[in-house]
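Q: Structure in C-alpha cells, see below.
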Amino acid sequence: MGSISERYVEMLRNFLRPQLRSLRVNMEEMWFLPDGATAHTARTSLTVVRQMFPQHVSRFGDVPWPPRSPDLSACNFFLWSYLKSKVYVRKRHTFDDLKVSIREEIATVPQEMLVNVMQNFEERLRTCVRQKGRHLSDIIFRK
C-alpha cells in the first residue's frame with residue numbers, strides 16, 4: 001500500500017488540492033502549518049506542500065513556528081479531538097469507511113459550536129499578541 005509519507009502525499013495531491021480548488025480558496029492568503037509527524041516532514045511531503053503553498057509554509061518553511069502553536073490552530077485545539085470522540089465510537093473496518101465517517105462527522109458539526117470555536121480562536125490570537133508570542137498558559141491551563 002506504500003509508506004505513510006506516500007499516502008500523505010497522495011492525499012495532498014488527490015484530495016486537498018482538488019478540494020481547495022473546488023472551494024475557490026485564494027491560495028495567496030492560505031498558510032499551511034505541518035506538524036512534526038514524520039509523514040508531514042518527509043522531503044517528498046514538504047516538496048508538495050511548498051508547491052501548493054508557495055512562500056506560505058510555516059515550520060520547516062517560510063516562517064518560524066511560534067511556541068505552543070497547536071493552540072493557535074482550531075484543527076489542533078478542537079477539531080481532531082472532537083472528530084476522534086465521534087468517529088472512534090464505532091470500529092471502522094476499512095480505510096474508506098473511516099474516510100466516509102470523518103466526512104459525515106465534519107458535515108454535522110453544529111454551527112453554534114463552530115462559532116464558539118472561532119471566538120475561542122480569536123481570543124487565543126489576542127492572548128498570543130499580549131504575551132508577545134510566548135506560551136499561552138492562561139489558555140492551556142484555564143481554570
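Labels used: A, B, ... for chains in the order of the C-alpha cells, numbers from 1 for residues in each chain, and numbers from 1 for ligands as shown.
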Would you please extract all strand (DSSP E or B) residues from chain A, as assigned by DSSP on the backbone, and give them as a list in words?
A: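 Selecting the strand (DSSP E or B) positions of chain A gives Phe32, Val57, Ser58 and Val63 of chain A.
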Q: Atoms to include: C-alpha atoms. Write the selected residues as a PDB file, in the first residue's frame.
A:
```pdb
ATOM      1  CA  PHE A  32      -0.009  25.585   5.636  1.00  0.00           C
ATOM      2  CA  VAL A  57       4.573  27.172   4.724  1.00  0.00           C
ATOM      3  CA  SER A  58       5.079  27.635   8.428  1.00  0.00           C
ATOM      4  CA  VAL A  63       8.212  31.481   8.799  1.00  0.00           C
TER       5      VAL A  63
END
```
Q: From the DSSP assignment of the backbone, select every residue of chain A that is helix (DSSP H, G or I), and format the answer as an mmCIF file with C-alpha atoms, in the first residue's frame.
A:
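And here's states32.cif as it stands now:
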```cif
data_model
loop_
_atom_site.group_PDB
_atom_site.id
_atom_site.type_symbol
_atom_site.label_atom_id
_atom_site.label_comp_id
_atom_site.auth_asym_id
_atom_site.auth_seq_id
_atom_site.Cartn_x
_atom_site.Cartn_y
_atom_site.Cartn_z
ATOM 1 C CA ILE A 4 2.623 6.649 5.273
ATOM 2 C CA SER A 5 4.512 9.521 3.610
ATOM 3 C CA GLU A 6 3.447 8.282 0.175
ATOM 4 C CA ARG A 7 -0.184 8.067 1.294
ATOM 5 C CA TYR A 8 0.064 11.567 2.788
ATOM 6 C CA VAL A 9 1.443 12.969 -0.486
ATOM 7 C CA GLU A 10 -1.357 11.178 -2.358
ATOM 8 C CA MET A 11 -3.923 12.764 -0.013
ATOM 9 C CA LEU A 12 -2.383 16.217 -0.566
ATOM 10 C CA ARG A 13 -2.444 15.827 -4.347
ATOM 11 C CA ASN A 14 -5.678 13.894 -4.840
ATOM 12 C CA PHE A 15 -7.860 15.249 -2.054
ATOM 13 C CA LEU A 16 -6.622 18.518 -0.524
ATOM 14 C CA ARG A 17 -5.575 20.257 -3.747
ATOM 15 C CA PRO A 18 -8.842 19.442 -5.606
ATOM 16 C CA GLN A 19 -10.920 20.400 -2.561
ATOM 17 C CA LEU A 20 -9.200 23.768 -2.230
ATOM 18 C CA ARG A 21 -9.696 24.383 -5.961
ATOM 19 C CA SER A 22 -13.367 23.411 -5.826
ATOM 20 C CA THR A 38 7.311 12.054 10.112
ATOM 21 C CA ALA A 39 4.992 11.765 7.100
ATOM 22 C CA HIS A 40 4.396 15.508 7.201
ATOM 23 C CA THR A 41 8.083 16.418 7.419
ATOM 24 C CA ARG A 43 11.157 15.664 1.877
ATOM 25 C CA THR A 44 8.563 14.472 -0.624
ATOM 26 C CA SER A 45 5.714 15.776 1.533
ATOM 27 C CA LEU A 46 7.301 19.164 2.096
ATOM 28 C CA THR A 47 8.085 19.461 -1.622
ATOM 29 C CA VAL A 48 4.401 19.006 -2.485
ATOM 30 C CA VAL A 49 3.306 21.346 0.298
ATOM 31 C CA ARG A 50 5.735 24.040 -0.873
ATOM 32 C CA GLN A 51 4.415 23.695 -4.444
ATOM 33 C CA MET A 52 0.829 24.029 -3.242
ATOM 34 C CA SER A 69 1.334 26.901 18.016
ATOM 35 C CA PRO A 70 -1.112 23.965 18.225
ATOM 36 C CA ASP A 71 -3.017 26.350 20.475
ATOM 37 C CA LEU A 72 -3.303 28.689 17.506
ATOM 38 C CA ALA A 74 -8.618 25.326 15.506
ATOM 39 C CA CYS A 75 -7.911 21.929 13.983
ATOM 40 C CA ASN A 76 -5.405 21.156 16.728
ATOM 41 C CA PHE A 77 -7.211 22.555 19.759
ATOM 42 C CA PHE A 78 -10.689 21.460 18.714
ATOM 43 C CA LEU A 79 -11.354 19.505 15.526
ATOM 44 C CA TRP A 80 -9.053 16.480 15.869
ATOM 45 C CA SER A 81 -10.160 15.558 19.387
ATOM 46 C CA TYR A 82 -13.808 16.262 18.529
ATOM 47 C CA LEU A 83 -13.641 14.014 15.467
ATOM 48 C CA LYS A 84 -11.894 11.244 17.381
ATOM 49 C CA SER A 85 -14.624 11.320 20.026
ATOM 50 C CA LYS A 86 -17.253 10.883 17.305
ATOM 51 C CA VAL A 87 -15.565 8.676 14.711
ATOM 52 C CA PHE A 95 -9.945 2.942 5.307
ATOM 53 C CA ASP A 96 -12.775 4.059 3.015
ATOM 54 C CA ASP A 97 -15.287 3.550 5.839
ATOM 55 C CA LEU A 98 -13.116 5.731 8.083
ATOM 56 C CA LYS A 99 -12.913 8.491 5.454
ATOM 57 C CA VAL A 100 -16.700 8.450 4.961
ATOM 58 C CA SER A 101 -17.256 8.621 8.699
ATOM 59 C CA ILE A 102 -14.874 11.576 9.075
ATOM 60 C CA ARG A 103 -16.601 13.469 6.265
ATOM 61 C CA GLU A 104 -20.025 12.771 7.781
ATOM 62 C CA GLU A 105 -18.948 13.982 11.211
ATOM 63 C CA ILE A 106 -17.368 17.155 9.831
ATOM 64 C CA ALA A 107 -20.612 17.909 7.977
ATOM 65 C CA GLN A 111 -22.927 25.805 13.582
ATOM 66 C CA GLU A 112 -23.065 27.208 17.119
ATOM 67 C CA MET A 113 -20.093 25.050 18.081
ATOM 68 C CA LEU A 114 -18.092 26.411 15.137
ATOM 69 C CA VAL A 115 -18.939 29.976 16.154
ATOM 70 C CA ASN A 116 -17.711 29.237 19.699
ATOM 71 C CA VAL A 117 -14.516 27.657 18.371
ATOM 72 C CA MET A 118 -13.771 30.701 16.229
ATOM 73 C CA GLN A 119 -14.450 33.077 19.136
ATOM 74 C CA ASN A 120 -12.050 30.991 21.219
ATOM 75 C CA PHE A 121 -9.525 31.119 18.371
ATOM 76 C CA GLU A 122 -9.742 34.923 18.250
ATOM 77 C CA GLU A 123 -9.149 35.090 21.996
ATOM 78 C CA ARG A 124 -6.112 32.831 21.606
ATOM 79 C CA LEU A 125 -4.705 35.158 18.957
ATOM 80 C CA ARG A 126 -5.253 38.217 21.171
ATOM 81 C CA THR A 127 -3.559 36.397 24.056
ATOM 82 C CA CYS A 128 -0.621 35.464 21.832
ATOM 83 C CA VAL A 129 -0.166 39.128 20.925
ATOM 84 C CA ARG A 130 -0.419 40.203 24.594
ATOM 85 C CA SER A 137 -0.503 29.181 29.717
ATOM 86 C CA ASP A 138 -3.611 31.165 30.658
ATOM 87 C CA ILE A 139 -5.490 29.441 27.821
ATOM 88 C CA ILE A 140 -3.978 25.989 28.170
#
```
Q: Between CA of Asn26 in chain A and CA of Ala42 in chain A, what is the distance in Å, rounded to a tenth?
A: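 We find that CA of Asn26 in chain A and CA of Ala42 in chain A lie 25.7 Å from each other.
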Q: Of the candidates A:His56, A:Ser3, A:Tyr88, A:Val109, which one gets nearest to Met27 in chain A if we count only C-alpha atoms?
A: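 Distance minimum relative to Met27 in chain A lands on A:His56.
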Q: Please, what distance in Å, to one decimal, runs between CA of Pro54 in chain A and CA of Leu23 in chain A?
A: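 Distance reported for this atom pair: 18.6 Å.
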Q: Which one is closest to Gln55 in chain A: A:Val25, A:Met30, A:Val89, A:Ala37? Count only C-alpha atoms.
A: A:Met30
Q: What separation in Å, quoted to one decimal, exists between CA of Lys132 in chain A and CA of Leu33 in chain A?
A: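 These atoms are spaced 19.9 Å apart.
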